[in-house]
Amino acid sequence: MQKIEVTPGVALSRLVYGMWRLGDDAETGAAHVQAKVEACLAQGITTMDQADIYGGYTAESLLGAALKAAPGLRDQIEIVTKCDIVAPVGRHAAARVKYYDTGAVHITASVEASLRDMATDRIDLLLIHRPDPLMDACETGACLDGLVASGKVRAVGVSNFRPWDFTLLQSAMKTRLATNQIEISLACHAPFTNGDIAFHQERGIPLMAWSPLAGGALLSGSGLALRDALHRIGAEQGLDWSAVAIAWLLRHPARILPVLGTNSLDRIARISDATKVEMDRQTWFELYTHALGHEVP
């Protein structure tokens with residue numbers, strides 16, 4: 001599978017396995033998590049997407065247990081994780097309110113907890129999970145620079161940032177922000193026209209796309225015409241509709257990296273089908289037209 005270099009020396013697989021639902025599975029044992037990682041590796045999917053808050057601050061530990069049980073897996077994967085959301089659950093149960101913390105003390109403590117929970121000595125890519133209205137860009141930027149210099153974090157980026165949030169943080173940093181993970185899908189297509197994708201494409205910064213299947217909404221809430229088109233195109237090529245929806249993102253020249261999360265080993269084994277879809281320009285616009293609900297101007 002193609003890999004995308006997000007910063008010198010750090011490359012991610014074009015398709016990323018999202019672990020936000022890891023703790024929701026009926027089976028969360030180390031062997032089962034290991035099987036999910038190995039199902040990804042069998043397709044060339046080497047990048048695992050985590051966040052400290054996933055599973056109420058438990059998902060990283062579930063991955064860590066698998067890596068302890070099979071230490072050889074660590075050098076075969078890239079770990080992406082995120083920090084700055086403090087929710088009143090798990091280790092932050094005493095918090096009075098959900099809030100964001102991009103202070104150096106919190107980021108540093110979050111990184112140490114992630115390293116410990118995932119049984120690793122390094123995070124390949126650390127993302128600030130949400131824009132923080134109280135962010136001191138100089139403090140946050142210096143902290144991220146320091147983490148990269150320490151070797152505990154190989155690359156840093158952001159998630160859910162608008163262009164102005166991105167440039168504010170980047171202006172206070174020596175390290176180049178490697179990516180921005182935002183919501184992009186046929187159901188959430190505004191980034192193609194509101195400047196989000198163009199901003200990063202202009203700077204040569206690959207984007208990661210969370211919820212690229214819109215949490216199933218493409219089949220339930222996006223219109224009959226779009227659902228029919230996805231099924232028809234998939235059937236014509238002997239593939240599932242979901243592969244077509246992901247291929248729609250892969251077709252764009254911005255080098256979008258979709259993050260796909262599922263607990264089904266069968267579905268995990270078919271994630272790479274998206275790379276098999278043939279999609280010409282007219283097919284892309286056919287799907288886009290159905291997603292818009294009207295013909296392009």
# chains A, B, ... in the order shown; residues from 1 in each chain; ligands from 1
$ residues_around --residues "A:Thr7" --least-positions-apart "5" --cutoff "9 Å" --atoms "only C-alpha atoms" --output "ChimeraX atom specification"
/A:155,176-179,205
$ write_last_selection --atoms "N, CA and C atoms" --output "compact mmCIF listing (two decimals), in the first residue's frame"
# COMPACT_ATOMS: atom_id res chain seq x y z
N ALA A 155 6.68 13.32 15.28
CA ALA A 155 6.05 14.37 14.48
C ALA A 155 4.82 14.88 15.22
N ARG A 176 7.57 21.75 11.86
CA ARG A 176 6.48 21.89 10.90
C ARG A 176 5.32 20.98 11.32
N LEU A 177 4.13 21.54 11.40
CA LEU A 177 2.94 20.73 11.68
C LEU A 177 2.72 19.79 10.49
N ALA A 178 2.56 18.50 10.79
CA ALA A 178 2.60 17.48 9.74
C ALA A 178 1.26 17.22 9.09
N THR A 179 0.16 17.45 9.80
CA THR A 179 -1.16 17.13 9.25
C THR A 179 -2.24 17.81 10.07
N ILE A 205 0.52 19.87 2.73
CA ILE A 205 0.30 19.18 4.00
C ILE A 205 -0.82 18.16 3.82
$ closest_residue --among "A:Glu295, A:Glu78, A:Glu278, A:Glu286" --to "A:Leu125" --atoms "only C-alpha atoms"
A:Glu78
$ residues_around --residues "stretch 250-267 of chain A" --least-positions-apart "4" --cutoff "7 Å" --atoms "only C-alpha atoms" --output "list of chain:residue names"
A:Arg14, A:Leu15, A:Val16, A:Tyr17, A:Gly18, A:Met19, A:Trp20, A:Arg21, A:Leu22, A:Asp25, A:Lys36, A:Gln201, A:Pro206, A:Leu207, A:Met208, A:Ala209, A:Trp210, A:Ser211, A:Pro212, A:Ile246, A:Ile271
$ write_last_selection --atoms "C-alpha atoms" --output "short mmCIF file (atom, residue, chain, number, x, y, z; two decimals), in the first residue's frame"
data_model
loop_
_atom_site.label_atom_id
_atom_site.label_comp_id
_atom_site.auth_asym_id
_atom_site.auth_seq_id
_atom_site.Cartn_x
_atom_site.Cartn_y
_atom_site.Cartn_z
CA ARG A 14 -2.66 5.78 2.88
CA LEU A 15 -5.46 4.07 4.77
CA VAL A 16 -5.42 4.34 8.56
CA TYR A 17 -7.08 2.07 11.11
CA GLY A 18 -9.03 4.10 13.66
CA MET A 19 -9.18 2.68 17.19
CA TRP A 20 -11.79 4.97 18.75
CA ARG A 21 -14.22 2.04 19.12
CA LEU A 22 -11.69 -0.45 20.44
CA ASP A 25 -16.08 -4.40 21.23
CA LYS A 36 -7.08 -6.57 14.33
CA GLN A 201 -3.05 21.43 -0.33
CA PRO A 206 -1.58 15.84 3.79
CA LEU A 207 -4.95 15.74 5.52
CA MET A 208 -6.34 12.87 7.59
CA ALA A 209 -10.10 12.33 7.28
CA TRP A 210 -12.09 11.13 10.28
CA SER A 211 -15.54 9.56 9.89
CA PRO A 212 -15.05 9.10 6.12
CA ILE A 246 -13.49 5.86 0.54
CA ILE A 271 -10.55 -1.90 4.19
#
$ select_by_dssp --residues "stretch 13-120 of chain A" --states "strand (DSSP E)" --output "JSON, numbers by chain"
{"A": [13, 16, 17, 18, 47, 48, 49, 78, 79, 80, 81, 82, 83, 85, 86, 99, 100]}
$ write_last_selection --atoms "C-alpha atoms" --output "mmCIF file, in the first residue's frame"
data_model
loop_
_atom_site.group_PDB
_atom_site.id
_atom_site.type_symbol
_atom_site.label_atom_id
_atom_site.label_comp_id
_atom_site.auth_asym_id
_atom_site.auth_seq_id
_atom_site.Cartn_x
_atom_site.Cartn_y
_atom_site.Cartn_z
ATOM 1 C CA SER A 13 -0.145 4.220 5.281
ATOM 2 C CA VAL A 16 -5.422 4.342 8.560
ATOM 3 C CA TYR A 17 -7.078 2.074 11.113
ATOM 4 C CA GLY A 18 -9.032 4.097 13.661
ATOM 5 C CA THR A 47 -0.915 3.264 10.824
ATOM 6 C CA MET A 48 -3.054 2.981 13.967
ATOM 7 C CA ASP A 49 -5.026 6.056 15.051
ATOM 8 C CA GLU A 78 3.012 3.862 13.231
ATOM 9 C CA ILE A 79 1.045 5.132 16.229
ATOM 10 C CA VAL A 80 -0.947 8.344 15.964
ATOM 11 C CA THR A 81 -2.515 9.663 19.152
ATOM 12 C CA LYS A 82 -4.128 12.867 20.353
ATOM 13 C CA CYS A 83 -4.445 14.962 23.501
ATOM 14 C CA ILE A 85 -9.615 16.932 25.657
ATOM 15 C CA VAL A 86 -10.339 16.609 29.378
ATOM 16 C CA TYR A 99 -12.767 21.264 28.630
ATOM 17 C CA TYR A 100 -9.608 21.549 26.524
#
$ select_by_dssp --residues "stretch 155-247 of chain A" --states "helix (DSSP H, G or I)" --output "PyMOL selection string"
chain A and resi 163-171+190-192+196-202+214-220+224-236+241-247
$ write_last_selection --atoms "C-alpha atoms" --output "PDB file, in the first residue's frame"
ATOM      1  CA  PRO A 163      -6.802  27.359   8.778  1.00  0.00           C
ATOM      2  CA  TRP A 164      -6.492  30.297  11.192  1.00  0.00           C
ATOM      3  CA  ASP A 165      -6.056  27.977  14.182  1.00  0.00           C
ATOM      4  CA  PHE A 166      -3.402  26.101  12.212  1.00  0.00           C
ATOM      5  CA  THR A 167      -1.402  29.191  11.248  1.00  0.00           C
ATOM      6  CA  LEU A 168      -1.568  30.606  14.781  1.00  0.00           C
ATOM      7  CA  LEU A 169       0.033  27.504  16.282  1.00  0.00           C
ATOM      8  CA  GLN A 170       2.499  27.078  13.418  1.00  0.00           C
ATOM      9  CA  SER A 171       3.646  30.690  13.825  1.00  0.00           C
ATOM     10  CA  ALA A 190     -17.826  21.400   2.845  1.00  0.00           C
ATOM     11  CA  PRO A 191     -14.012  21.170   3.241  1.00  0.00           C
ATOM     12  CA  PHE A 192     -13.747  20.836  -0.545  1.00  0.00           C
ATOM     13  CA  ASP A 196      -9.966  23.776   4.484  1.00  0.00           C
ATOM     14  CA  ILE A 197      -8.604  21.376   1.874  1.00  0.00           C
ATOM     15  CA  ALA A 198      -7.221  24.123  -0.385  1.00  0.00           C
ATOM     16  CA  PHE A 199      -5.292  25.670   2.539  1.00  0.00           C
ATOM     17  CA  HIS A 200      -3.429  22.453   3.301  1.00  0.00           C
ATOM     18  CA  GLN A 201      -3.053  21.433  -0.335  1.00  0.00           C
ATOM     19  CA  GLU A 202      -1.384  24.756  -1.100  1.00  0.00           C
ATOM     20  CA  ALA A 214     -20.133   9.477   8.099  1.00  0.00           C
ATOM     21  CA  GLY A 215     -20.809   6.882  10.780  1.00  0.00           C
ATOM     22  CA  GLY A 216     -23.113   5.013   8.414  1.00  0.00           C
ATOM     23  CA  ALA A 217     -25.134   8.125   7.529  1.00  0.00           C
ATOM     24  CA  LEU A 218     -24.294   7.656   3.854  1.00  0.00           C
ATOM     25  CA  LEU A 219     -26.801   4.820   3.837  1.00  0.00           C
ATOM     26  CA  SER A 220     -29.355   6.294   6.195  1.00  0.00           C
ATOM     27  CA  LEU A 224     -31.621   7.667  -1.981  1.00  0.00           C
ATOM     28  CA  ALA A 225     -29.761   8.743  -5.126  1.00  0.00           C
ATOM     29  CA  LEU A 226     -26.373   8.728  -3.398  1.00  0.00           C
ATOM     30  CA  ARG A 227     -27.030   5.362  -1.755  1.00  0.00           C
ATOM     31  CA  ASP A 228     -28.102   3.843  -5.054  1.00  0.00           C
ATOM     32  CA  ALA A 229     -25.066   5.241  -6.860  1.00  0.00           C
ATOM     33  CA  LEU A 230     -22.643   3.906  -4.252  1.00  0.00           C
ATOM     34  CA  HIS A 231     -24.208   0.441  -4.416  1.00  0.00           C
ATOM     35  CA  ARG A 232     -24.347   0.445  -8.215  1.00  0.00           C
ATOM     36  CA  ILE A 233     -20.722   1.518  -8.708  1.00  0.00           C
ATOM     37  CA  GLY A 234     -19.593  -0.987  -6.106  1.00  0.00           C
ATOM     38  CA  ALA A 235     -21.595  -3.818  -7.675  1.00  0.00           C
ATOM     39  CA  GLU A 236     -20.202  -3.004 -11.118  1.00  0.00           C
ATOM     40  CA  TRP A 241     -20.352   0.478  -1.358  1.00  0.00           C
ATOM     41  CA  SER A 242     -18.053   1.598   1.475  1.00  0.00           C
ATOM     42  CA  ALA A 243     -14.980   1.011  -0.694  1.00  0.00           C
ATOM     43  CA  VAL A 244     -16.467   3.379  -3.280  1.00  0.00           C
ATOM     44  CA  ALA A 245     -17.088   6.095  -0.667  1.00  0.00           C
ATOM     45  CA  ILE A 246     -13.492   5.860   0.538  1.00  0.00           C
ATOM     46  CA  ALA A 247     -12.142   5.773  -3.024  1.00  0.00           C
TER      47      ALA A 247
END
$ atom_distance --atom1 "atom CA of A:Ala269" --atom2 "atom CA of A:Gly44"
10.8 Å
$ closest_residue --among "A:Thr283, A:Thr102, A:Thr28, A:Thr108" --to "A:Glu139" --atoms "only C-alpha atoms"
A:Thr102
$ residues_around --residues "stretch 109-120 of chain A" --least-positions-apart "2" --cutoff "6 Å" --atoms "only C-alpha atoms" --output "tab-separated table (two decimals) with N, CA and C atoms, in the first residue's frame"
chain	number	residue	atom	x	y	z
A	60	GLU	N	-6.06	3.31	24.55
A	60	GLU	CA	-4.60	3.21	24.43
A	60	GLU	C	-4.06	2.02	25.21
A	61	SER	N	-4.62	1.77	26.38
A	61	SER	CA	-4.18	0.63	27.19
A	61	SER	C	-4.49	-0.69	26.51
A	63	LEU	N	-4.53	-1.23	23.28
A	63	LEU	CA	-3.48	-1.42	22.29
A	63	LEU	C	-2.17	-1.80	22.97
A	64	GLY	N	-1.88	-1.14	24.09
A	64	GLY	CA	-0.65	-1.44	24.82
A	64	GLY	C	-0.57	-2.88	25.27
A	106	HIS	N	-0.16	19.89	30.90
A	106	HIS	CA	-1.13	18.86	30.52
A	106	HIS	C	-0.65	18.05	29.32
A	107	ILE	N	-0.14	18.71	28.29
A	107	ILE	CA	0.33	17.98	27.11
A	107	ILE	C	1.44	17.01	27.49
A	122	ARG	N	7.90	5.76	22.09
A	122	ARG	CA	7.76	6.86	21.16
A	122	ARG	C	6.35	6.89	20.57
$ closest_residue --among "A:His92, A:Lys68, A:Arg162, A:Lys3" --to "A:Ala31" --atoms "only C-alpha atoms"
A:Lys68
